[in-house]
$ cat entry38.pdb   # PDB, C-alpha atoms
ATOM      1  CA  MET A   1      -8.096 -10.862  -0.817
ATOM      2  CA  ARG A   2     -11.821 -10.054  -0.733
ATOM      3  CA  SER A   3     -12.450 -10.479   2.993
ATOM      4  CA  HIS A   4     -12.197  -8.075   5.924
ATOM      5  CA  VAL A   5     -10.591  -9.024   9.219
ATOM      6  CA  THR A   6     -13.367  -9.867  11.653
ATOM      7  CA  PRO A   7     -13.618  -7.969  14.936
ATOM      8  CA  ALA A   8     -12.567 -11.122  16.822
ATOM      9  CA  VAL A   9      -9.408 -11.407  14.771
ATOM     10  CA  VAL A  10      -8.691  -7.707  15.268
ATOM     11  CA  LEU A  11      -9.050  -8.081  19.043
ATOM     12  CA  THR A  12      -6.770 -11.096  19.003
ATOM     13  CA  ALA A  13      -4.097  -9.200  17.070
ATOM     14  CA  VAL A  14      -4.387  -6.143  19.329
ATOM     15  CA  ALA A  15      -4.178  -8.310  22.440
ATOM     16  CA  ALA A  16      -1.130 -10.075  21.066
ATOM     17  CA  LEU A  17       0.577  -6.752  20.407
ATOM     18  CA  ALA A  18      -0.251  -5.515  23.897
ATOM     19  CA  VAL A  19       1.097  -8.669  25.509
ATOM     20  CA  SER A  20       4.251  -8.609  23.381
ATOM     21  CA  ALA A  21       4.940  -5.024  24.377
ATOM     22  CA  CYS A  22       5.076  -6.102  28.025
ATOM     23  CA  THR A  23       7.013  -9.294  27.458
ATOM     24  CA  THR A  24      10.759  -9.596  27.533
ATOM     25  CA  GLY A  25      11.867 -11.562  24.501
ATOM     26  CA  ALA A  26      15.307 -12.045  23.009
ATOM     27  CA  THR A  27      18.095  -9.691  24.035
ATOM     28  CA  THR A  28      20.091  -7.619  21.568
ATOM     29  CA  PRO A  29      23.873  -7.141  21.838
ATOM     30  CA  ASP A  30      23.311  -3.768  23.593
ATOM     31  CA  SER A  31      21.200  -5.544  26.262
ATOM     32  CA  ARG A  32      17.888  -3.913  25.374
ATOM     33  CA  PRO A  33      15.004  -6.402  25.505
ATOM     34  CA  THR A  34      13.026  -6.932  22.302
ATOM     35  CA  PRO A  35       9.290  -7.694  22.290
ATOM     36  CA  GLY A  36       8.209 -11.299  22.065
ATOM     37  CA  PRO A  37       6.306 -13.135  19.300
ATOM     38  CA  VAL A  38       3.347 -11.368  17.658
ATOM     39  CA  ALA A  39       0.219 -13.082  16.310
ATOM     40  CA  VAL A  40      -0.136 -11.258  12.976
ATOM     41  CA  LEU A  41      -2.866 -13.601  11.690
ATOM     42  CA  PRO A  42      -4.740 -16.369  13.525
ATOM     43  CA  ASP A  43      -2.425 -18.889  11.857
ATOM     44  CA  LEU A  44       0.720 -16.736  11.679
ATOM     45  CA  THR A  45       2.900 -15.836  14.648
ATOM     46  CA  VAL A  46       6.126 -13.996  13.861
ATOM     47  CA  GLU A  47       9.162 -14.367  16.119
ATOM     48  CA  PRO A  48      11.657 -11.501  16.619
ATOM     49  CA  ASP A  49      15.209 -11.873  15.343
ATOM     50  CA  PRO A  50      17.778 -10.266  17.696
ATOM     51  CA  GLN A  51      20.327  -9.920  14.880
ATOM     52  CA  LEU A  52      17.851  -7.977  12.738
ATOM     53  CA  HIS A  53      16.861  -5.860  15.743
ATOM     54  CA  ALA A  54      20.529  -4.955  16.185
ATOM     55  CA  MET A  55      20.588  -3.598  12.605
ATOM     56  CA  LEU A  56      18.094  -0.877  13.510
ATOM     57  CA  PRO A  57      19.316   2.660  14.168
ATOM     58  CA  GLU A  58      19.724   3.632  17.812
ATOM     59  CA  SER A  59      16.744   6.011  17.747
ATOM     60  CA  ILE A  60      14.382   3.216  16.632
ATOM     61  CA  ARG A  61      15.767   0.741  19.178
ATOM     62  CA  THR A  62      15.297   3.332  21.921
ATOM     63  CA  THR A  63      11.569   3.748  21.200
ATOM     64  CA  ASN A  64      10.971   0.231  19.824
ATOM     65  CA  THR A  65       8.635   1.949  17.360
ATOM     66  CA  VAL A  66       8.605   2.717  13.636
ATOM     67  CA  ARG A  67       6.096   5.472  12.845
ATOM     68  CA  VAL A  68       4.280   4.532   9.620
ATOM     69  CA  ALA A  69       2.137   6.802   7.431
ATOM     70  CA  THR A  70      -0.714   5.340   5.392
ATOM     71  CA  ASP A  71      -3.644   6.768   3.424
ATOM     72  CA  ILE A  72      -6.939   5.157   4.481
ATOM     73  CA  PRO A  73      -9.046   3.781   2.900
ATOM     74  CA  TYR A  74      -7.449   2.117  -0.084
ATOM     75  CA  PRO A  75      -8.642  -1.482   0.184
ATOM     76  CA  PRO A  76      -7.382  -4.117   0.347
ATOM     77  CA  PHE A  77      -4.046  -2.447   1.132
ATOM     78  CA  GLU A  78      -5.293  -0.261   3.979
ATOM     79  CA  MET A  79      -8.769   0.075   5.436
ATOM     80  CA  TYR A  80     -10.633   0.089   8.733
ATOM     81  CA  ALA A  81     -11.719  -3.261  10.151
ATOM     82  CA  ASN A  82     -15.379  -2.235  10.031
ATOM     83  CA  GLU A  83     -17.537   0.869   9.736
ATOM     84  CA  GLY A  84     -16.983   3.234  12.632
ATOM     85  CA  SER A  85     -13.800   1.471  13.723
ATOM     86  CA  LYS A  86     -10.383   3.111  13.893
ATOM     87  CA  GLN A  87      -8.578  -0.250  13.880
ATOM     88  CA  ILE A  88      -6.535  -0.432  10.683
ATOM     89  CA  THR A  89      -6.243  -3.614   8.673
ATOM     90  CA  GLY A  90      -5.260  -4.645   5.141
ATOM     91  CA  ILE A  91      -2.260  -5.990   3.253
ATOM     92  CA  ASP A  92       0.072  -3.147   4.231
ATOM     93  CA  TYR A  93      -0.985  -3.207   7.871
ATOM     94  CA  ASP A  94      -0.615  -6.967   8.260
ATOM     95  CA  LEU A  95       2.712  -7.005   6.464
ATOM     96  CA  GLY A  96       3.880  -4.037   8.540
ATOM     97  CA  GLN A  97       3.010  -5.876  11.744
ATOM     98  CA  ALA A  98       4.962  -8.904  10.510
ATOM     99  CA  ILE A  99       8.026  -6.828   9.596
ATOM    100  CA  GLY A 100       7.871  -5.042  12.939
ATOM    101  CA  ALA A 101       7.525  -8.328  14.806
ATOM    102  CA  ARG A 102      10.551  -9.782  13.020
ATOM    103  CA  LEU A 103      12.560  -6.655  13.890
ATOM    104  CA  GLY A 104      11.370  -6.713  17.484
ATOM    105  CA  VAL A 105       9.653  -3.318  17.238
ATOM    106  CA  ARG A 106       6.146  -1.978  16.685
ATOM    107  CA  PHE A 107       5.032  -0.585  13.319
ATOM    108  CA  ASP A 108       2.675   2.184  14.459
ATOM    109  CA  PHE A 109       0.325   3.117  11.585
ATOM    110  CA  LYS A 110      -1.273   6.567  11.413
ATOM    111  CA  ALA A 111      -3.585   7.991   8.750
ATOM    112  CA  GLN A 112      -2.184  10.678   6.442
ATOM    113  CA  LYS A 113      -3.552  12.021   3.144
ATOM    114  CA  PHE A 114      -1.620  10.519   0.261
ATOM    115  CA  ASP A 115      -0.386  13.736  -1.295
ATOM    116  CA  GLY A 116       0.954  14.838   2.099
ATOM    117  CA  ILE A 117       2.731  11.614   3.017
ATOM    118  CA  LEU A 118       6.187  12.323   1.609
ATOM    119  CA  PRO A 119       6.298  15.890   2.978
ATOM    120  CA  ALA A 120       5.301  14.488   6.390
ATOM    121  CA  VAL A 121       8.157  11.968   6.273
ATOM    122  CA  GLN A 122      10.615  14.668   5.248
ATOM    123  CA  ALA A 123       9.369  16.833   8.129
ATOM    124  CA  GLY A 124      10.219  14.037  10.564
ATOM    125  CA  LYS A 125       6.632  13.140  11.463
ATOM    126  CA  PHE A 126       7.007   9.570  10.188
ATOM    127  CA  ASP A 127       9.798   7.065   9.710
ATOM    128  CA  ALA A 128       8.176   5.045   6.926
ATOM    129  CA  VAL A 129       5.328   4.821   4.424
ATOM    130  CA  MET A 130       3.224   1.743   3.698
ATOM    131  CA  SER A 131       0.417   2.918   1.426
ATOM    132  CA  ALA A 132       0.477   0.992  -1.869
ATOM    133  CA  MET A 133       2.967   3.612  -3.055
ATOM    134  CA  THR A 134       4.636   3.051  -6.418
ATOM    135  CA  ASP A 135       8.431   3.194  -6.278
ATOM    136  CA  LYS A 136       9.302   6.051  -8.651
ATOM    137  CA  LYS A 137      12.665   7.682  -9.298
ATOM    138  CA  ALA A 138      11.188  11.090  -8.510
ATOM    139  CA  ARG A 139       9.954   9.870  -5.119
ATOM    140  CA  GLN A 140      13.374   8.420  -4.309
ATOM    141  CA  LYS A 141      14.530  11.996  -3.808
ATOM    142  CA  SER A 142      12.301  12.071  -0.708
ATOM    143  CA  VAL A 143      12.554   8.493   0.614
ATOM    144  CA  ASP A 144      14.298   5.226  -0.078
ATOM    145  CA  PHE A 145      12.092   2.320  -1.089
ATOM    146  CA  VAL A 146      12.112  -1.305  -0.009
ATOM    147  CA  ASP A 147      10.095  -2.900  -2.817
ATOM    148  CA  TYR A 148       7.556  -5.511  -1.778
ATOM    149  CA  LEU A 149       4.754  -5.867  -4.393
ATOM    150  CA  ASN A 150       4.073  -5.376  -8.091
ATOM    151  CA  ALA A 151       0.681  -4.527  -9.592
ATOM    152  CA  GLY A 152      -0.665  -2.485 -12.502
ATOM    153  CA  PRO A 153      -3.550  -0.006 -12.905
ATOM    154  CA  GLY A 154      -7.169  -0.769 -13.695
ATOM    155  CA  TRP A 155     -10.530   0.909 -14.210
ATOM    156  CA  LEU A 156     -13.363   0.773 -11.705
ATOM    157  CA  VAL A 157     -16.615   1.351 -13.608
ATOM    158  CA  ALA A 158     -20.323   1.168 -12.900
ATOM    159  CA  LYS A 159     -21.733  -2.348 -12.857
ATOM    160  CA  GLY A 160     -21.800  -3.786 -16.356
ATOM    161  CA  ASN A 161     -19.445  -1.121 -17.763
ATOM    162  CA  PRO A 162     -22.206   1.080 -19.261
ATOM    163  CA  ALA A 163     -19.613   3.508 -20.661
ATOM    164  CA  GLY A 164     -18.277   0.658 -22.823
ATOM    165  CA  ILE A 165     -14.605   1.105 -21.938
ATOM    166  CA  THR A 166     -12.549  -1.525 -23.764
ATOM    167  CA  VAL A 167      -9.539   0.487 -24.963
ATOM    168  CA  VAL A 168      -7.968   3.469 -23.255
ATOM    169  CA  THR A 169      -9.119   5.973 -25.898
ATOM    170  CA  ASP A 170     -12.729   5.139 -25.005
ATOM    171  CA  VAL A 171     -12.357   7.638 -22.137
ATOM    172  CA  CYS A 172     -11.209  10.501 -24.378
ATOM    173  CA  GLY A 173     -13.597  13.423 -23.892
ATOM    174  CA  LYS A 174     -15.178  11.778 -20.828
ATOM    175  CA  PRO A 175     -14.842  12.604 -17.120
ATOM    176  CA  VAL A 176     -12.794  10.100 -15.118
ATOM    177  CA  GLY A 177     -11.676  10.136 -11.503
ATOM    178  CA  VAL A 178      -8.255   9.560  -9.970
ATOM    179  CA  GLN A 179      -6.668  10.166  -6.579
ATOM    180  CA  THR A 180      -4.434  13.215  -6.531
ATOM    181  CA  GLY A 181      -0.701  12.773  -6.059
ATOM    182  CA  THR A 182      -0.684   9.178  -7.280
ATOM    183  CA  ASN A 183       1.207   7.495 -10.075
ATOM    184  CA  HIS A 184      -2.179   6.804 -11.667
ATOM    185  CA  GLN A 185      -2.769  10.539 -12.040
ATOM    186  CA  LYS A 186       0.542  10.849 -13.874
ATOM    187  CA  LEU A 187      -0.322   7.899 -16.137
ATOM    188  CA  LEU A 188      -3.700   9.426 -17.014
ATOM    189  CA  GLN A 189      -2.036  12.682 -17.980
ATOM    190  CA  GLN A 190       0.254  10.696 -20.291
ATOM    191  CA  ARG A 191      -2.817   9.077 -21.903
ATOM    192  CA  GLN A 192      -3.850  12.493 -23.205
ATOM    193  CA  ARG A 193      -1.316  12.027 -26.007
ATOM    194  CA  LEU A 194      -3.251   8.978 -27.233
ATOM    195  CA  CYS A 195      -6.427  11.055 -27.480
ATOM    196  CA  GLU A 196      -4.584  13.811 -29.320
ATOM    197  CA  ALA A 197      -3.040  11.340 -31.772
ATOM    198  CA  LYS A 198      -6.520  10.108 -32.725
ATOM    199  CA  GLY A 199      -7.966  13.594 -33.011
ATOM    200  CA  LEU A 200     -10.195  12.997 -29.989
ATOM    201  CA  PRO A 201     -10.998  15.453 -27.189
ATOM    202  CA  PRO A 202      -8.844  15.135 -24.062
ATOM    203  CA  ILE A 203      -9.779  13.060 -21.060
ATOM    204  CA  ARG A 204     -11.559  15.161 -18.455
ATOM    205  CA  ILE A 205      -9.482  14.218 -15.408
ATOM    206  CA  LEU A 206     -11.126  14.951 -12.056
ATOM    207  CA  THR A 207      -8.823  14.542  -9.051
ATOM    208  CA  PHE A 208      -9.888  13.589  -5.535
ATOM    209  CA  SER A 209      -7.993  13.645  -2.258
ATOM    210  CA  LYS A 210      -9.111  10.070  -1.499
ATOM    211  CA  ASP A 211     -10.045   7.260  -3.836
ATOM    212  CA  SER A 212     -13.234   6.700  -1.830
ATOM    213  CA  GLU A 213     -14.317  10.165  -3.054
ATOM    214  CA  ALA A 214     -13.669   9.105  -6.652
ATOM    215  CA  GLN A 215     -15.855   6.072  -6.028
ATOM    216  CA  LEU A 216     -18.664   8.312  -4.792
ATOM    217  CA  ALA A 217     -18.303  10.399  -7.948
ATOM    218  CA  LEU A 218     -18.615   7.211  -9.987
ATOM    219  CA  ARG A 219     -21.745   6.186  -8.098
ATOM    220  CA  SER A 220     -23.346   9.589  -8.744
ATOM    221  CA  GLY A 221     -22.442   9.628 -12.442
ATOM    222  CA  LYS A 222     -20.049  12.544 -12.081
ATOM    223  CA  VAL A 223     -17.345  10.361 -13.676
ATOM    224  CA  VAL A 224     -17.620   7.317 -15.934
ATOM    225  CA  ALA A 225     -14.652   5.504 -14.375
ATOM    226  CA  ASP A 226     -12.089   5.608 -11.580
ATOM    227  CA  TYR A 227      -8.436   4.933 -12.456
ATOM    228  CA  LEU A 228      -6.633   3.129  -9.646
ATOM    229  CA  ASP A 229      -4.664   0.037  -8.743
ATOM    230  CA  GLU A 230      -6.119  -3.107 -10.360
ATOM    231  CA  VAL A 231      -6.024  -4.994  -7.042
ATOM    232  CA  THR A 232      -8.006  -2.287  -5.277
ATOM    233  CA  ALA A 233     -10.431  -2.046  -8.202
ATOM    234  CA  ALA A 234     -11.076  -5.796  -8.014
ATOM    235  CA  TYR A 235     -11.527  -5.694  -4.230
ATOM    236  CA  VAL A 236     -13.964  -2.769  -4.330
ATOM    237  CA  ALA A 237     -15.939  -4.314  -7.204
ATOM    238  CA  SER A 238     -16.309  -7.590  -5.304
ATOM    239  CA  THR A 239     -17.303  -6.062  -1.951
ATOM    240  CA  ALA A 240     -19.232  -2.813  -2.541
ATOM    241  CA  ASP A 241     -22.975  -3.409  -2.198
ATOM    242  CA  GLY A 242     -22.358  -7.134  -2.230
ATOM    243  CA  GLY A 243     -20.625  -6.895  -5.582
ATOM    244  CA  ASN A 244     -23.547  -5.171  -7.270
ATOM    245  CA  ALA A 245     -22.209  -1.602  -7.588
ATOM    246  CA  PHE A 246     -19.097  -1.816  -9.747
ATOM    247  CA  SER A 247     -17.215  -3.783 -12.374
ATOM    248  CA  THR A 248     -13.569  -3.635 -13.426
ATOM    249  CA  VAL A 249     -11.819  -3.209 -16.756
ATOM    250  CA  THR A 250      -8.183  -4.303 -16.831
ATOM    251  CA  GLY A 251      -5.467  -5.201 -19.326
ATOM    252  CA  ARG A 252      -3.014  -3.004 -21.209
ATOM    253  CA  ALA A 253      -5.419  -2.264 -24.065
ATOM    254  CA  ALA A 254      -7.895  -0.736 -21.623
ATOM    255  CA  VAL A 255      -5.536   0.985 -19.177
ATOM    256  CA  GLY A 256      -2.662   1.871 -21.523
ATOM    257  CA  GLU A 257       1.013   1.019 -21.300
ATOM    258  CA  TYR A 258       2.673   1.390 -17.929
ATOM    259  CA  SER A 259       6.060   0.692 -16.386
ATOM    260  CA  ALA A 260       6.688  -2.336 -14.213
ATOM    261  CA  SER A 261       7.779  -0.213 -11.264
ATOM    262  CA  PRO A 262       6.978  -2.059  -8.035
ATOM    263  CA  MET A 263       5.260  -0.806  -4.920
ATOM    264  CA  GLY A 264       7.658   0.111  -2.147
ATOM    265  CA  ILE A 265       7.832   0.740   1.571
ATOM    266  CA  GLY A 266       9.096   4.309   1.753
ATOM    267  CA  ILE A 267      11.855   4.753   4.348
ATOM    268  CA  THR A 268      13.100   8.069   5.693
ATOM    269  CA  LYS A 269      16.635   9.011   4.718
ATOM    270  CA  ASP A 270      17.206  10.406   8.232
ATOM    271  CA  HIS A 271      17.702   7.006   9.935
ATOM    272  CA  ALA A 272      20.813   5.294   8.593
ATOM    273  CA  GLY A 273      20.383   1.533   8.590
ATOM    274  CA  LEU A 274      16.581   1.502   8.759
ATOM    275  CA  LYS A 275      16.006   0.560   5.121
ATOM    276  CA  GLU A 276      18.598  -2.251   5.353
ATOM    277  CA  ALA A 277      16.908  -3.638   8.471
ATOM    278  CA  VAL A 278      13.432  -3.447   6.894
ATOM    279  CA  ARG A 279      14.702  -5.093   3.700
ATOM    280  CA  ALA A 280      16.329  -7.931   5.655
ATOM    281  CA  ALA A 281      13.199  -8.473   7.761
ATOM    282  CA  LEU A 282      10.973  -8.512   4.670
ATOM    283  CA  GLN A 283      13.285 -10.973   2.942
ATOM    284  CA  SER A 284      13.154 -13.270   5.971
ATOM    285  CA  LEU A 285       9.339 -13.216   5.789
ATOM    286  CA  MET A 286       9.546 -14.060   2.088
ATOM    287  CA  ASP A 287      11.924 -16.921   2.817
ATOM    288  CA  ASP A 288       9.833 -18.527   5.572
ATOM    289  CA  GLY A 289       6.477 -18.241   3.775
ATOM    290  CA  SER A 290       4.937 -15.581   6.048
ATOM    291  CA  TYR A 291       4.825 -13.013   3.224
ATOM    292  CA  LEU A 292       2.833 -15.278   0.917
ATOM    293  CA  LYS A 293       0.529 -16.273   3.778
ATOM    294  CA  ILE A 294      -0.404 -12.612   4.275
ATOM    295  CA  LEU A 295      -0.994 -12.076   0.547
ATOM    296  CA  GLY A 296      -2.975 -15.323   0.477
ATOM    297  CA  LYS A 297      -5.345 -13.975   3.120
ATOM    298  CA  TYR A 298      -6.339 -11.265   0.621
ATOM    299  CA  LYS A 299      -6.329 -13.661  -2.371
ATOM    300  CA  VAL A 300      -3.542 -11.760  -4.180
ATOM    301  CA  PRO A 301      -0.493 -14.070  -4.320
ATOM    302  CA  ASN A 302       0.001 -13.004  -7.955
ATOM    303  CA  ILE A 303       1.285  -9.566  -6.911
ATOM    304  CA  ALA A 304       4.158 -11.079  -4.917
ATOM    305  CA  ILE A 305       7.771 -10.452  -5.893
ATOM    306  CA  PRO A 306      10.534 -13.035  -5.288
ATOM    307  CA  LYS A 307      13.079 -10.757  -3.621
ATOM    308  CA  ALA A 308      13.049  -7.636  -1.457
ATOM    309  CA  THR A 309      15.038  -4.959  -3.266
ATOM    310  CA  VAL A 310      15.920  -1.321  -2.588
ATOM    311  CA  ASN A 311      14.972   1.507  -4.979
ATOM    312  CA  GLY A 312      14.118  -0.822  -7.842
ATOM    313  CA  ALA A 313      12.110   1.622  -9.970
ATOM    314  CA  LEU A 314      13.020   1.510 -13.651
ATOM    315  CA  ASP A 315      12.002   5.070 -14.553
TER     316      ASP A 315
END
$ encode --input "entry38.pdb" --output "structure tokens"
Amino acid sequence: MRSHVTPAVVLTAVAALAVSACTTGATTPDSRPTPGPVAVLPDLTVEPDPQLHAMLPESIRTTNTVRVATDIPYPPFEMYANEGSKQITGIDYDLGQAIGARLGVRFDFKAQKFDGILPAVQAGKFDAVMSAMTDKKARQKSVDFVDYLNAGPGWLVAKGNPAGITVVTDVCGKPVGVQTGTNHQKLLQQRQRLCEAKGLPPIRILTFSKDSEAQLALRSGKVVADYLDEVTAAYVASTADGGNAFSTVTGRAAVGEYSASPMGIGITKDHAGLKEAVRAALQSLMDDGSYLKILGKYKVPNIAIPKATVNGALD
């Protein structure tokens, strides 16, 4: 989980996508050619399935493209391959390429601020979202979710945890950062009740449009902690400044109770059949081991789920 894709690997993947776009692969029942195999990782090539391609709505089969919104950076889920690069990589990107390859289409990722993602999908700008987005009942009003991962929140703190955060009420009265529009922001607002119950001052919640901005606030001492996904917290702590900038604090005592709602691929409601095709493609990648191979690259097999489900949020 803690390693970036090297430029050589990125070039290999891009070349493979370019070649596949020009190659006639299997043929669907309506006689449209589907792209050929795609090298998603150096040791993982995904073959298209004509039957799954045929499940896609006509509009997607016509363009052979699924337009995907993602908020960058949020490592290791989505990030740029290296500084100054516009080549996207990460768990969501790699998994998206694998799903697209299995469906015989291209998952075309574009950057979009997190709090504007769902409105952009509803406006027809995107067909799907892959951005470490928690499947929530409220969000299901905007998109359908194909659930693919499960992970809880965590704290990113300065190296050595100088603020001494061990239980969630340790942040009462202190400034903490969180990305706006996220489930983590909602959870932090719920934690205010814990402070009130103990007669402590409320958490001073500072919101940022990107988590990278919250990290900068933590570096400068503007906040004592950043509340985010535990996987991202661990990745940032292990990579920033060679692992010397941050530490993590995890566990329910420190982060507070939270639901087990999984992360989901958000699918537009405007394309009938798209979510079923994506779910079937994801399940096929789970069944053949490709899904775990991608998670293994980022050292996070523990966030895997056994079955691709639709709209599985509990709340």
$ resolve_selection --input "entry38.pdb" --expression "the PyMOL selection byres ((chain A and resi 284-298) around 8)" --output "list in words"
Met1, Arg2, Ser3, Leu41, Leu44, Pro76, Ile91, Asp94, Leu95, Ala98, Ile99, Ala280, Ala281, Leu282, Gln283, Lys299, Val300, Pro301, Ala304, Pro306 and Lys307 of chain A
$ residues_around --input "entry38.pdb" --residues "segment 207-222 of chain A" --least-positions-apart "6" --cutoff "12 Å" --atoms "all atoms listed in the file" --output "PyMOL selection string"
chain A and resi 70-75+78-79+111-116+155-159+161-163+174-182+184-186+188-189+228-229+232-233+236-237+240-241+244-247
$ atom_distance --input "entry38.pdb" --atom1 "atom CA of Asn183 of chain A" --atom2 "atom CA of Ala197 of chain A"
22.4 Å
$ resolve_selection --input "entry38.pdb" --expression "the PyMOL selection byres ((chain A and resi 37) around 6)" --output "PDB file with C-alpha atoms, in the frame of the given file"
ATOM      1  CA  GLY A  36       8.209 -11.299  22.065  1.00  0.00           C
ATOM      2  CA  VAL A  38       3.347 -11.368  17.658  1.00  0.00           C
ATOM      3  CA  VAL A  46       6.126 -13.996  13.861  1.00  0.00           C
ATOM      4  CA  GLU A  47       9.162 -14.367  16.119  1.00  0.00           C
TER       5      GLU A  47
END
$ resolve_selection --input "entry38.pdb" --expression "the PyMOL selection byres ((chain A and resi 312) around 8)" --output "ChimeraX atom specification"
/A:135,145,147,261-262,309-311,313-314
$ atom_distance --input "entry38.pdb" --atom1 "atom CA of Asp144 of chain A" --atom2 "atom CA of Tyr93 of chain A"
19.2 Å
$ closest_residue --input "entry38.pdb" --among "A:Val66, A:Pro57, A:Gly160, A:Asn82" --to "Gly243 of chain A" --atoms "all atoms listed in the file"
A:Gly160
$ atom_distance --input "entry38.pdb" --atom1 "atom CA of Asp108 of chain A" --atom2 "atom CA of Arg67 of chain A"
5.0 Å
$ closest_residue --input "entry38.pdb" --among "A:Phe109, A:Asn64, A:Asp92, A:Ser238" --to "Met133 of chain A" --atoms "only C-alpha atoms"
A:Asp92
$ closest_residue --input "entry38.pdb" --among "A:Gly164, A:Lys137, A:Ile117, A:Gly90" --to "Tyr235 of chain A" --atoms "all atoms listed in the file"
A:Gly90
